[in-house]
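Coordinates from work-v4.cif are shown below (mmCIF, C-alpha atoms (C1' of nucleotides)).
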```
data_coords
#
loop_
_atom_site.label_atom_id
_atom_site.label_comp_id
_atom_site.auth_asym_id
_atom_site.auth_seq_id
_atom_site.Cartn_x
_atom_site.Cartn_y
_atom_site.Cartn_z
CA MET U 1 -34.72 -1.94 -25.64
CA THR U 2 -36.13 -1.74 -22.17
CA GLU U 3 -35.12 1.43 -20.39
CA ARG U 4 -32.74 1.25 -17.45
CA PRO U 5 -34.90 1.16 -14.34
CA PHE U 6 -34.33 3.76 -11.63
CA HIS U 7 -33.34 1.04 -9.23
CA HIS U 8 -30.29 -0.86 -10.29
CA GLY U 9 -31.34 -3.64 -7.98
CA ASN U 10 -27.94 -5.14 -7.51
CA LEU U 11 -25.60 -2.21 -7.35
CA ARG U 12 -23.72 -3.13 -4.20
CA ALA U 13 -22.77 -6.56 -5.48
CA GLU U 14 -21.86 -5.25 -8.91
CA LEU U 15 -19.64 -2.54 -7.51
CA LEU U 16 -17.76 -5.07 -5.39
CA GLU U 17 -17.39 -7.39 -8.36
CA ARG U 18 -16.09 -4.67 -10.67
CA ALA U 19 -13.84 -3.29 -7.95
CA GLU U 20 -12.17 -6.65 -7.48
CA ILE U 21 -11.45 -6.87 -11.18
CA MET U 22 -10.19 -3.30 -11.35
CA LEU U 23 -7.98 -4.00 -8.37
CA ARG U 24 -6.50 -7.01 -10.10
CA GLN U 25 -5.89 -5.14 -13.32
CA ARG U 26 -4.72 -1.77 -12.13
CA GLY U 27 -4.11 -1.71 -8.38
CA VAL U 28 -5.58 0.28 -5.49
CA ASP U 29 -4.39 3.69 -6.57
CA GLU U 30 -6.35 3.46 -9.79
CA LEU U 31 -9.52 2.27 -8.10
CA SER U 32 -11.98 5.13 -8.42
CA LEU U 33 -15.53 5.23 -7.12
CA ARG U 34 -16.55 7.48 -9.97
CA GLU U 35 -15.15 5.17 -12.60
CA LEU U 36 -16.83 2.22 -10.92
CA ALA U 37 -20.15 4.06 -10.99
CA ARG U 38 -19.64 4.96 -14.64
CA GLU U 39 -18.95 1.34 -15.56
CA ALA U 40 -22.01 0.19 -13.67
CA GLY U 41 -24.07 2.80 -15.50
CA VAL U 42 -25.15 4.79 -12.47
CA SER U 43 -24.47 8.33 -11.36
CA HIS U 44 -21.33 9.07 -9.37
CA GLY U 45 -23.40 9.65 -6.26
CA ALA U 46 -25.09 6.27 -6.37
CA PRO U 47 -22.40 4.20 -4.63
CA ARG U 48 -22.87 6.40 -1.59
CA THR U 49 -26.03 4.53 -0.70
CA HIS U 50 -24.08 1.30 -0.31
CA PHE U 51 -20.67 2.55 0.77
CA VAL U 52 -20.42 5.74 2.79
CA ASP U 53 -16.98 6.44 1.40
CA ARG U 54 -14.11 4.92 -0.52
CA ARG U 55 -12.73 3.27 2.54
CA ALA U 56 -16.02 1.50 3.23
CA LEU U 57 -15.75 -0.08 -0.21
CA LEU U 58 -12.16 -1.14 0.47
CA ASP U 59 -13.20 -2.55 3.84
CA ALA U 60 -15.93 -4.60 2.19
CA LEU U 61 -13.41 -5.90 -0.33
CA ALA U 62 -11.04 -6.76 2.51
CA VAL U 63 -13.71 -8.74 4.34
CA ARG U 64 -14.56 -10.72 1.21
CA GLY U 65 -10.87 -11.26 0.59
CA PHE U 66 -10.16 -12.67 4.03
CA GLU U 67 -13.18 -14.94 3.76
CA ARG U 68 -12.03 -16.31 0.43
CA LEU U 69 -8.43 -16.67 1.59
CA SER U 70 -9.40 -18.45 4.81
CA ALA U 71 -11.71 -20.80 2.96
CA SER U 72 -9.03 -21.60 0.43
CA MET U 73 -6.43 -22.31 3.10
CA GLN U 74 -8.82 -24.43 5.09
CA ALA U 75 -9.74 -26.45 2.01
CA SER U 76 -6.09 -26.96 1.06
CA GLY U 77 -5.11 -27.93 4.57
CA SER U 78 -7.92 -30.37 5.12
CA ARG U 79 -6.99 -32.34 2.04
CA GLU U 80 -4.22 -33.83 4.22
CA PRO U 81 -6.15 -34.83 7.35
CA ASP U 82 -3.48 -37.20 8.63
CA ASP U 83 -0.28 -35.33 7.83
CA HIS U 84 -0.35 -31.97 9.57
CA ILE U 85 2.93 -30.85 8.08
CA ALA U 86 1.67 -31.56 4.59
CA GLY U 87 -1.56 -29.78 5.47
CA LEU U 88 0.25 -26.69 6.69
CA THR U 89 2.44 -26.72 3.60
CA ALA U 90 -0.62 -26.90 1.36
CA SER U 91 -2.19 -24.09 3.31
CA ALA U 92 0.91 -21.95 2.89
CA HIS U 93 0.86 -22.64 -0.83
CA ALA U 94 -2.72 -21.43 -0.93
CA TYR U 95 -1.68 -18.20 0.78
CA VAL U 96 1.15 -17.57 -1.65
CA GLU U 97 -1.08 -18.37 -4.57
CA PHE U 98 -3.58 -15.80 -3.32
CA ALA U 99 -0.75 -13.32 -2.85
CA THR U 100 0.38 -13.64 -6.46
CA GLY U 101 -3.08 -13.90 -7.98
CA ASP U 102 -4.62 -11.07 -5.98
CA ALA U 103 -1.67 -9.00 -4.86
CA ALA U 104 -3.51 -5.69 -4.79
CA LEU U 105 -6.46 -7.18 -2.94
CA LEU U 106 -4.17 -8.68 -0.32
CA GLU U 107 -2.61 -5.26 0.18
CA VAL U 108 -6.05 -3.76 0.63
CA MET U 109 -6.85 -6.49 3.13
CA TRP U 110 -3.85 -5.92 5.35
CA SER U 111 -4.05 -2.18 5.15
CA ALA U 112 -7.71 -2.33 6.17
CA VAL U 113 -6.59 -4.26 9.24
CA LYS U 114 -3.88 -1.69 9.86
CA GLU U 115 -6.19 1.31 10.03
CA LYS U 116 -6.29 2.94 13.43
CA ASP U 117 -10.04 2.55 13.79
CA ALA U 118 -10.43 -0.60 11.73
CA ALA U 119 -14.00 -1.68 11.10
CA ALA U 120 -15.38 -4.44 13.29
CA GLU U 121 -16.16 -6.67 10.29
CA VAL U 122 -12.59 -6.32 9.09
CA LEU U 123 -11.23 -7.34 12.47
CA ALA U 124 -13.62 -10.26 12.55
CA ALA U 125 -12.49 -11.36 9.11
CA VAL U 126 -8.79 -11.21 9.92
CA GLY U 127 -9.57 -13.01 13.16
CA GLN U 128 -11.12 -15.78 11.13
CA PHE U 129 -7.94 -15.95 9.06
CA PHE U 130 -5.73 -16.32 12.11
CA ALA U 131 -8.12 -18.86 13.60
CA THR U 132 -7.73 -20.94 10.46
CA VAL U 133 -3.94 -20.97 10.75
CA GLU U 134 -4.12 -21.53 14.48
CA ALA U 135 -6.31 -24.60 14.11
CA GLN U 136 -3.76 -26.20 11.80
CA VAL U 137 -0.85 -25.22 14.01
CA ALA U 138 -2.58 -26.54 17.12
CA ALA U 139 -3.25 -29.85 15.40
CA GLY U 140 0.37 -30.06 14.30
CA ILE U 141 1.70 -29.37 17.76
CA ALA U 142 -0.77 -31.73 19.42
CA SER U 143 0.21 -34.55 17.08
CA GLY U 144 3.86 -33.90 17.78
CA SER U 145 4.79 -33.17 14.18
CA LEU U 146 5.37 -29.47 14.82
CA ILE U 147 7.84 -28.12 17.37
CA GLY U 148 6.94 -25.70 20.14
CA HIS U 149 4.15 -25.78 22.63
CA ASP U 150 3.05 -22.17 22.35
CA VAL U 151 0.31 -22.25 19.73
CA GLU U 152 -0.14 -18.51 19.48
CA ARG U 153 3.55 -17.85 18.98
CA MET U 154 3.83 -20.52 16.33
CA THR U 155 0.71 -19.24 14.60
CA LEU U 156 2.17 -15.76 14.40
CA LEU U 157 5.51 -17.01 13.16
CA ILE U 158 4.02 -19.19 10.45
CA SER U 159 1.53 -16.51 9.40
CA ALA U 160 4.28 -13.92 9.24
CA THR U 161 6.51 -16.16 7.19
CA MET U 162 3.72 -16.98 4.74
CA HIS U 163 3.00 -13.29 4.51
CA GLY U 164 6.63 -12.47 3.78
CA ILE U 165 7.01 -15.14 1.14
CA GLY U 166 3.76 -14.01 -0.42
CA ALA U 167 4.95 -10.41 -0.49
CA PHE U 168 8.20 -11.32 -2.23
CA ALA U 169 6.37 -13.58 -4.63
CA SER U 170 3.89 -10.89 -5.60
CA ALA U 171 6.76 -8.42 -5.94
CA GLY U 172 8.18 -10.74 -8.56
CA ARG U 173 11.34 -11.30 -6.57
CA THR U 174 10.91 -15.05 -6.54
CA THR U 175 9.90 -17.69 -9.06
CA PRO U 176 7.09 -20.15 -8.31
CA GLU U 177 9.74 -22.85 -7.82
CA GLN U 178 11.54 -20.68 -5.29
CA ASN U 179 8.27 -20.08 -3.45
CA ASP U 180 7.72 -23.80 -3.08
CA ALA U 181 11.28 -24.25 -1.85
CA LEU U 182 10.93 -21.39 0.63
CA ILE U 183 7.72 -22.77 2.07
CA ASP U 184 9.27 -26.21 2.41
CA ASP U 185 12.41 -24.80 4.03
CA ALA U 186 10.42 -22.74 6.48
CA ILE U 187 8.13 -25.52 7.61
CA ALA U 188 10.96 -28.02 7.67
CA GLY U 189 12.69 -25.82 10.22
CA TRP U 190 9.72 -26.08 12.53
CA SER U 191 9.00 -29.78 12.08
CA ALA U 192 9.64 -32.03 15.04
CA MET O 1 13.02 40.46 6.86
CA THR O 2 14.85 39.44 3.75
CA GLU O 3 12.56 38.53 0.90
CA ARG O 4 12.32 34.96 -0.26
CA PRO O 5 14.72 34.57 -3.15
CA PHE O 6 13.46 33.22 -6.43
CA HIS O 7 15.69 30.23 -6.07
CA HIS O 8 14.88 28.16 -3.05
CA GLY O 9 18.33 26.68 -3.28
CA ASN O 10 17.58 23.50 -1.47
CA LEU O 11 14.12 22.52 -2.59
CA ARG O 12 14.80 18.92 -3.53
CA ALA O 13 16.26 18.07 -0.14
CA GLU O 14 13.57 19.95 1.73
CA LEU O 15 10.79 18.23 -0.15
CA LEU O 16 12.25 14.82 0.64
CA GLU O 17 12.67 15.76 4.28
CA ARG O 18 9.12 17.02 4.64
CA ALA O 19 7.75 14.09 2.67
CA GLU O 20 9.34 11.62 5.05
CA ILE O 21 7.77 13.38 8.01
CA MET O 22 4.38 13.57 6.33
CA LEU O 23 4.65 9.91 5.49
CA ARG O 24 5.33 9.06 9.10
CA GLN O 25 2.47 11.18 10.38
CA ARG O 26 -0.25 10.55 7.85
CA GLY O 27 0.67 7.76 5.44
CA VAL O 28 1.14 7.56 1.67
CA ASP O 29 -2.41 8.35 0.69
CA GLU O 30 -2.23 11.73 2.37
CA LEU O 31 1.10 12.62 0.82
CA SER O 32 0.38 15.41 -1.63
CA LEU O 33 2.86 17.20 -3.85
CA ARG O 34 0.84 20.38 -3.66
CA GLU O 35 0.75 20.37 0.11
CA LEU O 36 4.46 19.69 0.21
CA ALA O 37 5.08 22.65 -2.08
CA ARG O 38 2.83 24.83 0.06
CA GLU O 39 4.71 23.90 3.22
CA ALA O 40 8.03 24.59 1.54
CA GLY O 41 6.71 27.97 0.43
CA VAL O 42 6.99 27.38 -3.29
CA SER O 43 4.41 27.21 -6.04
CA HIS O 44 2.74 23.89 -6.77
CA GLY O 45 4.62 23.60 -10.03
CA ALA O 46 8.04 23.96 -8.42
CA PRO O 47 8.56 20.32 -7.37
CA ARG O 48 8.32 19.38 -11.02
CA THR O 49 11.87 20.57 -11.59
CA HIS O 50 13.20 17.99 -9.14
CA PHE O 51 10.64 15.20 -9.45
CA VAL O 52 8.89 14.65 -12.76
CA ASP O 53 5.87 13.23 -11.03
CA ARG O 54 4.58 11.94 -7.72
CA ARG O 55 6.05 8.54 -8.31
CA ALA O 56 9.52 9.99 -8.84
CA LEU O 57 9.30 11.51 -5.38
CA LEU O 58 8.18 8.20 -3.90
CA ASP O 59 11.01 6.43 -5.72
CA ALA O 60 13.53 8.85 -4.26
CA LEU O 61 12.07 8.25 -0.80
CA ALA O 62 12.31 4.51 -1.39
CA VAL O 63 15.97 4.72 -2.36
CA ARG O 64 16.81 6.74 0.74
CA GLY O 65 14.80 4.32 2.83
CA PHE O 66 16.62 1.24 1.57
CA GLU O 67 19.95 2.94 2.12
CA ARG O 68 19.07 3.81 5.69
CA LEU O 69 17.63 0.38 6.39
CA SER O 70 20.63 -1.44 4.94
CA ALA O 71 23.04 0.73 6.88
CA SER O 72 21.13 0.14 10.09
CA MET O 73 21.06 -3.61 9.60
CA GLN O 74 24.72 -3.72 8.70
CA ALA O 75 25.63 -1.73 11.79
CA SER O 76 23.50 -3.92 14.04
CA GLY O 77 24.88 -7.09 12.57
CA SER O 78 28.50 -6.10 12.72
CA ARG O 79 28.28 -5.41 16.43
CA GLU O 80 28.50 -9.20 16.82
CA PRO O 81 31.47 -10.05 14.59
CA ASP O 82 32.06 -13.48 16.12
CA ASP O 83 28.53 -14.75 16.65
CA HIS O 84 26.77 -14.84 13.28
CA ILE O 85 23.49 -15.97 14.78
CA ALA O 86 23.50 -13.06 17.21
CA GLY O 87 24.43 -10.75 14.35
CA LEU O 88 21.57 -11.96 12.21
CA THR O 89 19.20 -11.61 15.14
CA ALA O 90 20.34 -8.05 15.74
CA SER O 91 19.92 -7.32 12.06
CA ALA O 92 16.40 -8.71 12.11
CA HIS O 93 15.60 -6.53 15.09
CA ALA O 94 16.81 -3.52 13.15
CA TYR O 95 14.47 -4.44 10.30
CA VAL O 96 11.47 -4.79 12.58
CA GLU O 97 12.32 -1.55 14.33
CA PHE O 98 12.39 0.20 10.96
CA ALA O 99 9.09 -1.45 10.07
CA THR O 100 7.37 -0.09 13.17
CA GLY O 101 9.05 3.31 13.19
CA ASP O 102 8.63 3.97 9.47
CA ALA O 103 5.78 1.71 8.44
CA ALA O 104 4.50 3.95 5.66
CA LEU O 105 7.98 4.49 4.26
CA LEU O 106 8.64 0.76 4.20
CA GLU O 107 5.41 0.30 2.26
CA VAL O 108 6.53 2.94 -0.21
CA MET O 109 9.87 1.16 -0.52
CA TRP O 110 8.46 -2.25 -1.35
CA SER O 111 5.78 -0.91 -3.61
CA ALA O 112 8.43 1.05 -5.53
CA VAL O 113 10.26 -2.24 -6.04
CA LYS O 114 7.01 -3.86 -7.12
CA GLU O 115 6.25 -1.44 -9.94
CA LYS O 116 6.35 -3.05 -13.36
CA ASP O 117 8.96 -0.66 -14.70
CA ALA O 118 10.75 0.01 -11.43
CA ALA O 119 13.43 2.70 -11.59
CA ALA O 120 17.03 1.54 -11.85
CA GLU O 121 18.03 3.36 -8.66
CA VAL O 122 15.24 1.62 -6.77
CA LEU O 123 16.38 -1.77 -8.00
CA ALA O 124 19.94 -0.92 -7.06
CA ALA O 125 18.84 0.11 -3.59
CA VAL O 126 16.83 -3.03 -2.93
CA GLY O 127 19.74 -5.01 -4.33
CA GLN O 128 21.95 -3.40 -1.73
CA PHE O 129 19.46 -4.45 0.94
CA PHE O 130 19.51 -8.08 -0.17
CA ALA O 131 23.28 -7.99 -0.45
CA THR O 132 23.45 -6.91 3.18
CA VAL O 133 21.34 -9.84 4.32
CA GLU O 134 23.17 -12.20 2.01
CA ALA O 135 26.56 -11.27 3.44
CA GLN O 136 25.39 -12.12 6.93
CA VAL O 137 23.74 -15.33 5.81
CA ALA O 138 26.81 -16.41 3.88
CA ALA O 139 29.01 -15.80 6.90
CA GLY O 140 26.62 -17.78 9.08
CA ILE O 141 26.56 -20.73 6.71
CA ALA O 142 30.33 -20.65 6.18
CA SER O 143 30.96 -20.69 9.91
CA GLY O 144 28.57 -23.60 10.31
CA SER O 145 26.20 -21.80 12.66
CA LEU O 146 23.42 -21.56 10.11
CA ILE O 147 21.89 -24.58 8.37
CA GLY O 148 21.63 -24.95 4.61
CA HIS O 149 24.22 -24.56 1.94
CA ASP O 150 22.18 -22.53 -0.51
CA VAL O 151 22.94 -18.94 0.39
CA GLU O 152 20.39 -17.39 -1.96
CA ARG O 153 17.56 -19.57 -0.71
CA MET O 154 18.40 -18.87 2.92
CA THR O 155 18.70 -15.14 2.20
CA LEU O 156 15.25 -15.08 0.67
CA LEU O 157 13.73 -17.09 3.50
CA ILE O 158 15.22 -14.92 6.21
CA SER O 159 14.38 -11.70 4.39
CA ALA O 160 10.83 -12.86 3.83
CA THR O 161 10.41 -13.82 7.47
CA MET O 162 11.77 -10.49 8.70
CA HIS O 163 9.43 -8.78 6.28
CA GLY O 164 6.46 -10.72 7.55
CA ILE O 165 7.23 -10.10 11.20
CA GLY O 166 7.78 -6.43 10.44
CA ALA O 167 4.45 -6.24 8.65
CA PHE O 168 2.58 -7.76 11.56
CA ALA O 169 4.43 -5.58 14.01
CA SER O 170 3.60 -2.39 12.12
CA ALA O 171 0.01 -3.54 11.81
CA GLY O 172 -0.09 -3.62 15.59
CA ARG O 173 -0.86 -7.31 15.66
CA THR O 174 2.15 -8.10 17.85
CA THR O 175 3.76 -6.54 20.90
CA PRO O 176 7.48 -5.66 20.94
CA GLU O 177 8.04 -8.66 23.22
CA GLN O 178 6.30 -10.93 20.74
CA ASN O 179 8.44 -9.53 17.93
CA ASP O 180 11.59 -10.43 19.82
CA ALA O 181 10.25 -13.90 20.50
CA LEU O 182 9.26 -14.40 16.86
CA ILE O 183 12.67 -13.36 15.60
CA ASP O 184 14.37 -15.68 18.07
CA ASP O 185 12.06 -18.58 17.17
CA ALA O 186 12.60 -18.07 13.46
CA ILE O 187 16.38 -17.92 13.61
CA ALA O 188 16.53 -20.73 16.15
CA GLY O 189 14.81 -22.96 13.61
CA TRP O 190 17.58 -22.32 11.11
CA SER O 191 20.51 -22.58 13.48
CA ALA O 192 22.82 -25.54 13.08
"C1'" DA Q 1 18.62 26.02 -14.39
"C1'" DC Q 2 14.83 26.91 -11.48
"C1'" DC Q 3 10.40 28.61 -10.35
"C1'" DT Q 4 5.50 30.90 -11.15
"C1'" DG Q 5 0.71 30.70 -12.16
"C1'" DA Q 6 -3.08 29.65 -15.17
"C1'" DA Q 7 -5.35 25.75 -17.23
"C1'" DC Q 8 -7.11 21.05 -17.59
"C1'" DA Q 9 -8.97 16.72 -16.35
"C1'" DC Q 10 -9.77 14.06 -12.75
"C1'" DC Q 11 -10.99 12.86 -7.88
"C1'" DG Q 12 -14.02 12.06 -3.20
"C1'" DT Q 13 -17.68 13.97 -0.69
"C1'" DT Q 14 -21.99 16.38 0.33
"C1'" DC Q 15 -26.74 17.17 -0.25
"C1'" DA Q 16 -31.19 18.74 -1.97
"C1'" DA Q 17 -34.17 16.84 -5.08
"C1'" DG Q 18 -36.40 13.30 -7.61
"C1'" DT Q 19 -38.65 8.25 -8.00
"C1'" DA K 1 -35.00 2.98 0.23
"C1'" DC K 2 -32.36 4.13 -3.69
"C1'" DC K 3 -30.54 7.11 -7.11
"C1'" DT K 4 -29.58 11.82 -9.75
"C1'" DG K 5 -26.95 15.84 -10.62
"C1'" DA K 6 -25.02 20.19 -9.22
"C1'" DA K 7 -21.57 22.02 -6.16
"C1'" DC K 8 -17.26 22.19 -3.56
"C1'" DA K 9 -12.58 21.52 -2.36
"C1'" DC K 10 -8.90 19.08 -3.50
"C1'" DC K 11 -5.60 16.58 -6.52
"C1'" DG K 12 -1.59 15.57 -10.31
"C1'" DT K 13 0.10 17.17 -14.56
"C1'" DT K 14 1.26 20.35 -18.31
"C1'" DC K 15 3.32 24.38 -20.08
"C1'" DA K 16 4.20 29.11 -21.45
"C1'" DA K 17 6.24 32.69 -19.16
"C1'" DG K 18 9.24 34.87 -15.98
"C1'" DT K 19 14.11 35.35 -13.32
#
```

What is this structure when it is put down as structure tokens?
Amino acid sequence: MTERPFHHGNLRAELLERAEIMLRQRGVDELSLRELAREAGVSHGAPRTHFVDRRALLDALAVRGFERLSASMQASGSREPDDHIAGLTASAHAYVEFATGDAALLEVMWSAVKEKDAAAEVLAAVGQFFATVEAQVAAGIASGSLIGHDVERMTLLISATMHGIGAFASAGRTTPEQNDALIDDAIAGWSA
Amino acid sequence: MTERPFHHGNLRAELLERAEIMLRQRGVDELSLRELAREAGVSHGAPRTHFVDRRALLDALAVRGFERLSASMQASGSREPDDHIAGLTASAHAYVEFATGDAALLEVMWSAVKEKDAAAEVLAAVGQFFATVEAQVAAGIASGSLIGHDVERMTLLISATMHGIGAFASAGRTTPEQNDALIDDAIAGWSA
DNA sequence: ACCTGAACACCGTTCAAGT
DNA sequence: ACCTGAACACCGTTCAAGT
């Protein structure tokens, strides 16, 4: 039985890991820094070294979330390099899947963006998300498979629609089959 | 200077009123039952008589919110009795306006719906909201101005899109002009 | 029926002190 | 540089007691 060393060594990463799980199981409201510290076996003051306050932890979770979401959407979309509509549809599915699988995290992500003085890393992360959608939209418009010439406007519309479908899905107001149908309907409306 | 009577007489209504204001000014996280009681000039235990717990207060706020939102959308939509597309557009504008003017309340509303064991009144209220959208969608489809024959599917899609645009708008990611454009683009895609 | 006020268990945050 | 542990101010919730 080696004694616990004074330095945890990996506390920041462990706190983020545990926080993501706690978020998934019990939601934001139940996410407590003190409980996290307890589970990690450190004193309640320890997290302070890595996260100045609760919001800093949530911001870090938001950044990781956007990175994972963007990567997932990019991967899904690029599996259809020739069919931009199919790529966008796959990307939208990835968003909705994230929304149902990590509903609380997605809430944390968007509310981190919404803060008046949102952290720079958070803004960068959400920017990366929009850039991912925009790239697919731009390709679709350029190839003539997507209507509209204003890329930004189309990016916002498609992002907003994905967001809305994801919200309803995670609220349990739609079945997975309905989600698929909604995504198809939405994108069909904007296909050239 | 008459002394404060033992019975407040109107505590439930006052708490709801103050809570809505507090929500608008400082968000859900800052909404405290104790502070509300303090402001109303009653003891911290007093709210208990009217709301068993914090969630019961939020549920009541959600119900009121859905009622107000539905009424506003219905009013906006019915100002265009002959043009169902214009009616739906006006209704969508009302939603987005609510989303920007009462962002925190709208969050409370949807998260009340999302609770595992959501209160019956909350479910009834959100049902009323969907019924409002559905009536407009059904009229649009029946008159041939809106594509699609599946009313439920179209209702979900339009609701989800409004929700998404409202979320982006309240997050400050879009300007009012962009919101108008997004709503027009969305509905244009579904017009026959 | 409605409200008071003490009590309890939990927070987030701060900060001197230890390693 | 990282962590401990006491201290502080704040919660939500419970409940006997008062009107």

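Applied to this file, the PyMOL selection byres ((chain O and resi 165-180) around 8) selects U:Trp110, U:Ser111, U:Val113, U:Lys114, U:Arg153, U:Leu157, U:Ala160, U:Thr161, U:Gly164, O:His93, O:Tyr95, O:Val96, O:Glu97, O:Ala99, O:Thr100, O:Gly101, O:Ala103, O:Thr161, O:Met162, O:His163, O:Gly164, O:Ala181, O:Leu182, O:Ile183, O:Asp184.
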
Hits from the PyMOL selection byres ((chain K) within 9 of (chain U)), listed as a VMD selection string: chain K and resid 2 to 5

Test item: the PyMOL selection byres ((chain K and resi 12) around 10) resolved as a ChimeraX atom specification: /O:32-34,53-54 /Q:9-10 /K:11,13-14

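Distance check against chain O using only C-alpha atoms: of U:Ala135, U:Leu61, U:Ala112, U:Ile141, the minimum falls on U:Ala112.
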
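Among U:Gly27, U:Leu58, U:Leu16, U:Glu80, the residue with the shortest atom-to-atom distance to chain O, counting only C-alpha atoms, is U:Gly27.
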
Atom pair atom CA of Arg38 of chain O / atom C1' of DG18 of chain K: separation (Å): 20.0 Å

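Excluding Arg18 of chain O and any residue on its chain fewer than 2 positions from it, the residues at most 12 Å away by only C-alpha atoms (C1' of nucleotides) are Leu11, Arg12, Ala13, Glu14, Leu15, Leu16, Glu20, Ile21, Met22, Leu23, Arg24, Gln25, Arg26, Leu31, Ser32, Leu33, Glu35, Leu36, Ala37, Arg38, Glu39, Ala40, Gly41, Leu57 and Leu61 of chain O.
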
Point-to-point distance in Å for atom CA of Asp59 of chain O and atom CA of Glu30 of chain O: 16.4 Å

Between atom CA of Ser76 of chain O and atom CA of Thr89 of chain O, distance in Å (one decimal): 8.9 Å

Ref. answer, residues at most 12 Å from (-8.7, -18.5, 0.1) with all atoms listed in the file, as an MDAnalysis selection string: chainID U and resid 63:77 90:99 101:102 105:106 128:129 132:133

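Shortest atom-to-atom contact with chain U among O:Ile85, O:Ala104, O:Ala142, O:Ala56: O:Ala104, counting all atoms listed in the file.
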
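Take the candidates U:Glu17, U:Glu107, U:Glu134, U:Asp82 and check each one against chain O using all atoms listed in the file; the shortest distance goes to U:Glu107.
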